[in-house]
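Shown below: coords.json, with JSON, C-alpha atoms.
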[["chain", "number", "residue", "atom", "x", "y", "z"],
["G", 1, "MET", "CA", -33.89, -61.65, -17.20],
["G", 2, "LYS", "CA", -35.12, -60.30, -13.89],
["G", 3, "GLY", "CA", -38.75, -61.16, -14.53],
["G", 4, "LYS", "CA", -37.97, -64.76, -15.27],
["G", 5, "HIS", "CA", -36.13, -65.21, -11.99],
["G", 6, "LEU", "CA", -39.13, -63.86, -10.06],
["G", 7, "PHE", "CA", -41.09, -66.83, -11.35],
["G", 8, "VAL", "CA", -38.60, -69.61, -11.82],
["G", 9, "GLY", "CA", -37.46, -69.49, -8.17],
["G", 10, "ILE", "CA", -40.77, -71.00, -7.13],
["G", 11, "ALA", "CA", -39.94, -73.75, -4.64],
["G", 12, "LEU", "CA", -39.96, -71.78, -1.38],
["G", 13, "PHE", "CA", -42.73, -73.41, 0.70],
["G", 14, "VAL", "CA", -41.66, -77.07, 1.12],
["G", 15, "LEU", "CA", -41.44, -79.74, 3.80],
["G", 16, "ILE", "CA", -38.25, -81.63, 4.74],
["G", 17, "VAL", "CA", -38.63, -85.34, 4.12],
["G", 18, "SER", "CA", -37.51, -87.53, 7.04],
["G", 19, "LEU", "CA", -36.30, -91.12, 6.85],
["G", 20, "VAL", "CA", -38.25, -93.76, 8.75],
["G", 21, "GLY", "CA", -36.36, -96.76, 10.04],
["G", 22, "CYS", "CA", -37.79, -100.28, 9.91],
["G", 23, "GLU", "CA", -36.92, -103.46, 11.73],
["G", 24, "GLU", "CA", -35.21, -106.21, 9.76],
["G", 25, "PRO", "CA", -36.13, -107.56, 7.33],
["G", 26, "THR", "CA", -36.49, -104.14, 5.72],
["G", 27, "VAL", "CA", -39.62, -103.82, 3.63],
["G", 28, "PRO", "CA", -39.65, -100.78, 1.31],
["G", 29, "VAL", "CA", -42.53, -98.47, 2.12],
["G", 30, "PRO", "CA", -43.77, -96.59, -0.94],
["G", 31, "ALA", "CA", -43.40, -92.85, -0.45],
["G", 32, "SER", "CA", -46.38, -90.65, -1.11],
["G", 33, "PRO", "CA", -46.33, -88.47, -4.22],
["G", 34, "GLU", "CA", -45.99, -85.41, -2.01],
["G", 35, "GLU", "CA", -42.88, -86.73, -0.29],
["G", 36, "TYR", "CA", -41.23, -87.14, -3.68],
["G", 37, "CYS", "CA", -42.47, -83.71, -4.72],
["G", 38, "ASP", "CA", -41.12, -82.10, -1.55],
["G", 39, "ALA", "CA", -37.70, -83.57, -2.32],
["G", 40, "GLY", "CA", -38.02, -82.41, -5.92],
["G", 41, "TRP", "CA", -38.79, -78.82, -4.97],
["G", 42, "LEU", "CA", -35.80, -78.78, -2.61],
["G", 43, "ASP", "CA", -33.61, -80.10, -5.42],
["G", 44, "LEU", "CA", -34.97, -77.46, -7.77],
["G", 45, "GLN", "CA", -34.28, -74.73, -5.25],
["G", 46, "ASP", "CA", -30.65, -75.99, -5.12],
["G", 47, "ASN", "CA", -30.42, -76.09, -8.96],
["G", 48, "GLU", "CA", -30.15, -79.89, -8.85],
["G", 49, "TYR", "CA", -32.22, -80.33, -11.98],
["G", 50, "THR", "CA", -31.51, -84.01, -12.67],
["G", 51, "SER", "CA", -32.39, -85.07, -9.13],
["G", 52, "ALA", "CA", -35.47, -82.82, -9.15],
["G", 53, "GLN", "CA", -36.72, -84.42, -12.35],
["G", 54, "GLU", "CA", -36.14, -87.89, -10.93],
["G", 55, "ASN", "CA", -38.14, -87.10, -7.80],
["G", 56, "PHE", "CA", -41.06, -85.60, -9.71],
["G", 57, "ASN", "CA", -41.09, -88.62, -12.03],
["G", 58, "GLU", "CA", -41.13, -90.90, -8.96],
["G", 59, "ALA", "CA", -44.13, -88.98, -7.66],
["G", 60, "LEU", "CA", -45.94, -89.54, -10.94],
["G", 61, "ALA", "CA", -45.00, -93.23, -10.90],
["G", 62, "VAL", "CA", -46.94, -93.51, -7.64],
["G", 63, "ASP", "CA", -49.84, -91.36, -8.89],
["G", 64, "PRO", "CA", -49.84, -90.32, -12.58],
["G", 65, "GLY", "CA", -52.72, -87.95, -11.90],
["G", 66, "TYR", "CA", -51.03, -85.90, -9.18],
["G", 67, "PRO", "CA", -50.73, -82.33, -10.51],
["G", 68, "ASN", "CA", -47.87, -81.29, -8.23],
["G", 69, "GLY", "CA", -45.63, -83.80, -10.01],
["G", 70, "TRP", "CA", -46.48, -82.41, -13.43],
["G", 71, "ASN", "CA", -46.04, -78.85, -12.20],
["G", 72, "GLY", "CA", -42.67, -79.73, -10.69],
["G", 73, "LEU", "CA", -41.54, -81.15, -14.04],
["G", 74, "GLY", "CA", -42.82, -78.00, -15.71],
["G", 75, "TRP", "CA", -40.90, -75.65, -13.45],
["G", 76, "SER", "CA", -37.82, -77.89, -13.73],
["G", 77, "ALA", "CA", -38.00, -77.62, -17.51],
["G", 78, "LEU", "CA", -38.54, -73.86, -17.32],
["G", 79, "SER", "CA", -35.49, -73.54, -15.07],
["G", 80, "ARG", "CA", -33.43, -75.25, -17.78],
["G", 81, "ASP", "CA", -34.94, -73.04, -20.53],
["G", 82, "ASP", "CA", -36.63, -76.13, -21.96],
["G", 83, "LEU", "CA", -39.82, -74.43, -23.15],
["G", 84, "ASP", "CA", -41.09, -77.49, -25.03],
["G", 85, "GLY", "CA", -40.85, -79.62, -21.89],
["G", 86, "ALA", "CA", -42.50, -76.90, -19.83],
["G", 87, "PHE", "CA", -45.41, -76.65, -22.29],
["G", 88, "VAL", "CA", -46.10, -80.37, -22.11],
["G", 89, "ASN", "CA", -45.86, -80.72, -18.33],
["G", 90, "PHE", "CA", -47.89, -77.63, -17.48],
["G", 91, "ALA", "CA", -50.56, -78.86, -19.89],
["G", 92, "TYR", "CA", -50.80, -82.06, -17.83],
["G", 93, "GLY", "CA", -50.78, -79.99, -14.64],
["G", 94, "LYS", "CA", -53.77, -77.97, -15.85],
["G", 95, "GLN", "CA", -55.54, -81.11, -17.00],
["G", 96, "THR", "CA", -55.12, -83.07, -13.77],
["G", 97, "VAL", "CA", -55.79, -80.31, -11.22],
["G", 98, "GLY", "CA", -59.40, -79.65, -12.24],
["G", 99, "ASP", "CA", -61.34, -77.19, -10.10],
["G", 100, "PRO", "CA", -59.91, -77.04, -6.56],
["G", 101, "LEU", "CA", -63.35, -76.18, -5.20],
["G", 102, "ASP", "CA", -64.48, -79.69, -6.20],
["G", 103, "GLN", "CA", -62.22, -81.12, -3.47],
["G", 104, "ASP", "CA", -64.11, -82.40, -0.45],
["G", 105, "SER", "CA", -62.31, -80.52, 2.34],
["G", 106, "THR", "CA", -60.87, -77.08, 2.98],
["G", 107, "ALA", "CA", -57.38, -78.56, 3.31],
["G", 108, "TYR", "CA", -57.61, -80.23, -0.08],
["G", 109, "ARG", "CA", -59.14, -77.13, -1.66],
["G", 110, "ASN", "CA", -56.22, -75.05, -0.35],
["G", 111, "LEU", "CA", -53.69, -77.58, -1.58],
["G", 112, "PHE", "CA", -55.20, -77.92, -5.04],
["G", 113, "PHE", "CA", -55.58, -74.14, -5.28],
["G", 114, "ARG", "CA", -51.80, -73.95, -5.02],
["G", 115, "PHE", "CA", -51.44, -76.61, -7.71],
["G", 116, "TYR", "CA", -53.93, -74.77, -9.94],
["G", 117, "MET", "CA", -51.98, -71.54, -9.67],
["G", 118, "ASP", "CA", -48.66, -73.32, -10.23],
["G", 119, "ALA", "CA", -50.00, -74.85, -13.44],
["G", 120, "PHE", "CA", -51.62, -71.78, -14.97],
["G", 121, "VAL", "CA", -48.94, -69.26, -13.95],
["G", 122, "GLY", "CA", -46.27, -71.71, -15.13],
["G", 123, "ALA", "CA", -48.03, -72.12, -18.47],
["G", 124, "ALA", "CA", -48.44, -68.35, -18.73],
["G", 125, "MET", "CA", -44.77, -67.69, -18.06],
["G", 126, "THR", "CA", -43.78, -70.37, -20.57],
["G", 127, "ASN", "CA", -45.90, -68.68, -23.23],
["G", 128, "TYR", "CA", -44.51, -65.30, -22.23],
["G", 129, "LEU", "CA", -40.92, -66.49, -22.64],
["G", 130, "ALA", "CA", -41.85, -68.11, -25.95],
["G", 131, "GLN", "CA", -43.24, -64.71, -27.02],
["G", 132, "ASP", "CA", -46.76, -66.10, -27.49],
["G", 133, "TYR", "CA", -48.25, -63.16, -25.64],
["G", 134, "SER", "CA", -51.87, -63.84, -26.56],
["G", 135, "MET", "CA", -51.72, -67.27, -24.90],
["G", 136, "ALA", "CA", -49.75, -65.84, -21.97],
["G", 137, "ILE", "CA", -52.57, -63.37, -21.35],
["G", 138, "LEU", "CA", -55.18, -66.16, -21.36],
["G", 139, "ASP", "CA", -53.27, -68.25, -18.82],
["G", 140, "PHE", "CA", -52.31, -65.33, -16.59],
["G", 141, "GLU", "CA", -55.91, -64.12, -16.48],
["G", 142, "GLN", "CA", -57.22, -67.63, -15.81],
["G", 143, "ALA", "CA", -55.02, -67.75, -12.71],
["G", 144, "ILE", "CA", -55.80, -64.17, -11.69],
["G", 145, "ASP", "CA", -59.55, -64.64, -12.07],
["G", 146, "TYR", "CA", -59.49, -67.82, -10.02],
["G", 147, "ASP", "CA", -57.46, -66.19, -7.26],
["G", 148, "THR", "CA", -59.90, -63.28, -7.19],
["G", 149, "ASP", "CA", -63.19, -65.17, -7.45],
["G", 150, "SER", "CA", -62.68, -68.45, -5.60],
["G", 151, "GLU", "CA", -63.66, -68.99, -2.01],
["G", 152, "ASN", "CA", -61.70, -70.56, 0.80],
["G", 153, "GLY", "CA", -64.38, -71.59, 3.26],
["G", 154, "ASP", "CA", -66.35, -68.41, 3.83],
["G", 155, "ALA", "CA", -63.55, -66.03, 2.85],
["G", 156, "PRO", "CA", -62.20, -65.17, -0.60],
["G", 157, "PHE", "CA", -58.65, -66.15, -1.51],
["G", 158, "ASP", "CA", -58.12, -62.49, -2.48],
["G", 159, "TRP", "CA", -54.51, -62.61, -3.64],
["G", 160, "ASN", "CA", -53.73, -65.37, -1.18],
["G", 161, "TYR", "CA", -51.39, -67.03, -3.64],
["G", 162, "PHE", "CA", -48.76, -64.98, -1.76],
["G", 163, "ASN", "CA", -49.20, -67.33, 1.17],
["G", 164, "TRP", "CA", -47.81, -70.37, -0.55],
["G", 165, "TYR", "CA", -44.49, -68.71, -1.30],
["G", 166, "MET", "CA", -43.66, -66.73, 1.81],
["G", 167, "LYS", "CA", -40.04, -66.89, 2.90],
["G", 168, "ASP", "CA", -38.59, -65.52, 6.13],
["G", 169, "GLY", "CA", -41.93, -63.94, 6.95],
["G", 170, "ASP", "CA", -41.70, -61.00, 4.60],
["G", 171, "THR", "CA", -40.13, -61.91, 1.27],
["G", 172, "TYR", "CA", -42.41, -62.94, -1.60],
["G", 173, "THR", "CA", -41.68, -64.30, -5.02],
["G", 174, "LEU", "CA", -44.37, -65.83, -7.22],
["G", 175, "ALA", "CA", -47.69, -64.14, -6.49],
["G", 176, "THR", "CA", -50.79, -62.73, -8.14],
["G", 177, "TRP", "CA", -48.98, -59.39, -7.87],
["G", 178, "HIS", "CA", -46.38, -60.58, -10.35],
["G", 179, "ALA", "CA", -48.91, -62.43, -12.50],
["G", 180, "ARG", "CA", -50.83, -59.18, -12.99],
["G", 181, "LEU", "CA", -47.72, -57.17, -13.83],
["G", 182, "PHE", "CA", -46.39, -59.70, -16.32],
["G", 183, "CYS", "CA", -49.85, -59.91, -17.82],
["G", 184, "ALA", "CA", -49.73, -56.13, -18.28],
["G", 185, "LEU", "CA", -46.40, -56.54, -20.08],
["G", 186, "ALA", "CA", -47.89, -59.28, -22.27],
["G", 187, "TYR", "CA", -50.64, -56.88, -23.33],
["G", 188, "ILE", "CA", -48.20, -54.29, -24.60],
["G", 189, "LYS", "CA", -45.94, -56.90, -26.21],
["G", 190, "ASP", "CA", -48.84, -58.53, -28.08],
["G", 191, "SER", "CA", -48.52, -57.14, -31.60],
["G", 192, "THR", "CA", -51.93, -58.53, -32.57],
["G", 193, "LEU", "CA", -53.69, -56.04, -30.28],
["G", 194, "ALA", "CA", -54.62, -52.51, -31.25],
["G", 195, "ASP", "CA", -53.02, -49.86, -29.07],
["G", 196, "ASP", "CA", -56.28, -49.02, -27.26],
["G", 197, "ASP", "CA", -56.98, -52.67, -26.43],
["G", 198, "ALA", "CA", -53.39, -53.27, -25.31],
["G", 199, "LEU", "CA", -53.37, -50.21, -23.06],
["G", 200, "ASP", "CA", -56.81, -50.93, -21.59],
["G", 201, "GLY", "CA", -55.82, -54.50, -20.68],
["G", 202, "ALA", "CA", -52.51, -53.42, -19.17],
["G", 203, "GLU", "CA", -54.06, -50.56, -17.21],
["G", 204, "GLU", "CA", -56.58, -52.87, -15.53],
["G", 205, "HIS", "CA", -53.85, -55.06, -14.08],
["G", 206, "ILE", "CA", -51.58, -52.18, -13.16],
["G", 207, "ASN", "CA", -54.36, -50.34, -11.33],
["G", 208, "ALA", "CA", -55.29, -53.49, -9.40],
["G", 209, "CYS", "CA", -51.69, -53.64, -8.15],
["G", 210, "ARG", "CA", -51.64, -49.92, -7.37],
["G", 211, "VAL", "CA", -54.80, -50.19, -5.29],
["G", 212, "ARG", "CA", -53.42, -53.25, -3.52],
["G", 213, "ASN", "CA", -50.33, -51.18, -2.73],
["G", 214, "GLY", "CA", -52.37, -48.35, -1.24],
["G", 215, "GLU", "CA", -51.99, -46.09, -4.26],
["G", 216, "SER", "CA", -54.64, -44.53, -6.47],
["G", 217, "GLY", "CA", -56.06, -46.77, -9.18],
["G", 218, "ASP", "CA", -56.10, -44.05, -11.81],
["G", 219, "PHE", "CA", -53.05, -44.92, -13.88],
["G", 220, "ASN", "CA", -53.72, -43.92, -17.49],
["G", 221, "ALA", "CA", -51.07, -44.83, -20.04],
["G", 222, "GLY", "CA", -50.42, -42.57, -22.98],
["G", 223, "ASP", "CA", -48.54, -45.28, -24.84],
["G", 224, "ARG", "CA", -46.95, -48.69, -24.39],
["G", 225, "ALA", "CA", -43.74, -47.19, -23.05],
["G", 226, "ASP", "CA", -45.71, -45.68, -20.14],
["G", 227, "VAL", "CA", -46.98, -49.17, -19.26],
["G", 228, "ASN", "CA", -43.47, -50.60, -19.36],
["G", 229, "ASP", "CA", -42.17, -47.88, -17.04],
["G", 230, "GLU", "CA", -45.00, -48.29, -14.53],
["G", 231, "VAL", "CA", -44.72, -52.08, -14.48],
["G", 232, "ASN", "CA", -40.99, -51.83, -13.82],
["G", 233, "ARG", "CA", -41.64, -49.37, -11.00],
["G", 234, "LEU", "CA", -44.08, -51.78, -9.37],
["G", 235, "LEU", "CA", -41.89, -54.84, -9.94],
["G", 236, "ASN", "CA", -39.17, -53.13, -7.92],
["G", 237, "MET", "CA", -41.49, -52.94, -4.92],
["G", 238, "ASP", "CA", -42.20, -55.71, -2.45],
["G", 239, "PRO", "CA", -45.73, -57.04, -2.85],
["G", 240, "PRO", "CA", -47.94, -56.10, 0.10],
["G", 241, "ALA", "CA", -48.58, -58.72, 2.75],
["G", 242, "PRO", "CA", -51.71, -60.85, 2.26],
["G", 243, "ASP", "CA", -54.83, -60.18, 4.27],
["G", 244, "MET", "CA", -55.00, -63.66, 5.70],
["G", 245, "LEU", "CA", -52.72, -66.63, 6.21],
["G", 246, "ASP", "CA", -54.61, -69.89, 5.90],
["G", 247, "TYR", "CA", -52.15, -72.67, 5.24],
["G", 248, "PRO", "CA", -53.69, -76.06, 6.05],
["G", 249, "GLY", "CA", -50.59, -77.46, 7.75],
["G", 250, "ASP", "CA", -49.29, -80.82, 6.62],
["G", 251, "TYR", "CA", -50.16, -81.93, 3.12],
["G", 252, "PRO", "CA", -53.47, -83.83, 3.39],
["G", 253, "TYR", "CA", -52.54, -86.36, 0.72]]
As structure tokens, the full file:
Amino acid sequence: MKGKHLFVGIALFVLIVSLVGCEEPTVPVPASPEEYCDAGWLDLQDNEYTSAQENFNEALAVDPGYPNGWNGLGWSALSRDDLDGAFVNFAYGKQTVGDPLDQDSTAYRNLFFRFYMDAFVGAAMTNYLAQDYSMAILDFEQAIDYDTDSENGDAPFDWNYFNWYMKDGDTYTLATWHARLFCALAYIKDSTLADDDALDGAEEHINACRVRNGESGDFNAGDRADVNDEVNRLLNMDPPAPDMLDYPGDYPY
């Protein structure tokens, strides 16, 4: 499933954990939750699911309220097609992250914005794969609305979720671009929606992507098949580069 792999290959922006030597007698120094999470994302990227889970659990043993640990467990479960595990862990991720704008510094707001998006997009993709399209739409749009409306200092995030998952300078995976397009697919797959409502919801997200890509925002679907074709066309394109790159540097944990 091509769409799944766009999302499940999430761990692209990570730090390499270094070992710190100590004089004898050696006294274990507790690692921070983020050090464990960094190791977990690297394991996940290498398909080392058991080790990834262990590292994320270690992070939560240090701080049970750290959302990156719950999100890591969620994406680990999703990578193993364990939808039940993903549901539970993303629920904790959403619960513990709160509103990133409540954080007391720009660095923390940036960091928790990433965690917020990880949790809601992860929950949305879990619902999508479980074919609960109504819930997928709610979670996708929660993430999309936050990415559109929130402020980073004096500037809007404005699709800046790209920034957290940039690889080799020009390759993007998980982004608001993909969240919008999968949300459009969820609209047309949701059998509880009337055709007009399904098409209207899908068209809004498609046209936002078209405008972002420098195209006209006047896509008008005649039926659900038209939406499917246009989404697939856009998914085969590289998302456009973000307007601004504002990564806070080292994790401020």
## Note on the structure
Of G:Thr126, G:Ser76, G:Asn110, G:Asn236, the one sitting nearest Gln45 (chain G) when using only C-alpha atoms is G:Ser76
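Here CA of Phe120 (chain G) stands at a distance of 27.4 Å from CA of Ala221 (chain G).
Using all atoms listed in the file, the nearest neighbour of Asp226 (chain G) within the list G:Gly40, G:Leu199, G:Trp177, G:His205 is G:Leu199.
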With region 50-57 of chain G as the partner and 8 Å as the cut-off, tabulate the residues of region 70-160 of chain G that qualify, each row holding the nearest pair of atoms and their distance in Å to one decimal, using all atoms listed in the file, sorted by chain and rising number, as CSV.
residue,atom,partner,partner_atom,distance
G:Trp70,CA,G:Phe56,CA,7.3
G:Gly72,CA,G:Phe56,CA,6.2
G:Leu73,CA,G:Gln53,CA,6.1
G:Ser76,CA,G:Gln53,CA,6.8
Output file for the residues above (C-alpha atoms, as a CSV table (one decimal), in the frame of the given file):
chain,number,residue,atom,x,y,z
G,70,TRP,CA,-46.5,-82.4,-13.4
G,72,GLY,CA,-42.7,-79.7,-10.7
G,73,LEU,CA,-41.5,-81.2,-14.0
G,76,SER,CA,-37.8,-77.9,-13.7
Per-axis box centre and lengths in Å around region 57-73 of chain G, 4 Å margin per side, axis-aligned, as JSON:
{"center_x": -46.9, "center_y": -86.2, "center_z": -10.8, "size_x": 19.6, "size_y": 22.7, "size_z": 14.4}
### Surrounding residues of Asp200 (chain G) excluding itself and chain neighbours under 2 positions, 12 Å, only C-alpha atoms, as a count of residues only
25
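Relative to CA of Leu42 (chain G), CA of Asp147 (chain G) is found at 25.5 Å.
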### Task
Pick out the residues sitting within 9 Å of Ser134 (chain G), and hand them over as a ChimeraX atom specification; count only C-alpha atoms, and ignore anything fewer than 6 positions along from it in its own chain.
/G:127-128,186-187,190,192-193
### Task
Compare G:Thr176, G:Pro100, G:Phe182, G:Asp43 by their minimum atom-to-atom distance to Asn228 (chain G), counting only C-alpha atoms, and give me the closest one.
G:Phe182
### Query
Hey, can you check how far CA of Val231 (chain G) sits from CA of Cys209 (chain G)?
9.5 Å
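Between Phe87 (chain G) and the candidates G:Glu215, G:Asp132, G:Glu58, G:Glu34, the tightest atom-to-atom separation, counting all atoms listed in the file, involves G:Asp132.
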### Task
Identify, on the basis of all atoms listed in the file, every residue whose closest approach to Ala119 (chain G) does not exceed 8 Å; exclude the query and any residue fewer than 4 positions from it along the same chain; express the result as a ChimeraX atom specification.
/G:71,90-91,93-94,115,123
#### Entry: Top pick for closest residue to Asn47 (chain G), considering G:Leu235, G:Leu111, G:Ile137, G:Ala77 and counting only C-alpha atoms
G:Ala77
### Message
Residues within 8 Å of Arg109 (chain G), please, as number ranges by chain. Count only C-alpha atoms; anything in the same chain fewer than 6 positions from it doesn't count.
### Response
G: 100-103, 152
Deliver the residues from the most recent selection as a file, using C-alpha atoms, as a PDB file, keeping the file's coordinate frame.
ATOM      1  CA  PRO G 100     -59.910 -77.040  -6.560  1.00  0.00           C
ATOM      2  CA  LEU G 101     -63.350 -76.180  -5.200  1.00  0.00           C
ATOM      3  CA  ASP G 102     -64.480 -79.690  -6.200  1.00  0.00           C
ATOM      4  CA  GLN G 103     -62.220 -81.120  -3.470  1.00  0.00           C
ATOM      5  CA  ASN G 152     -61.700 -70.560   0.800  1.00  0.00           C
TER       6      ASN G 152
END
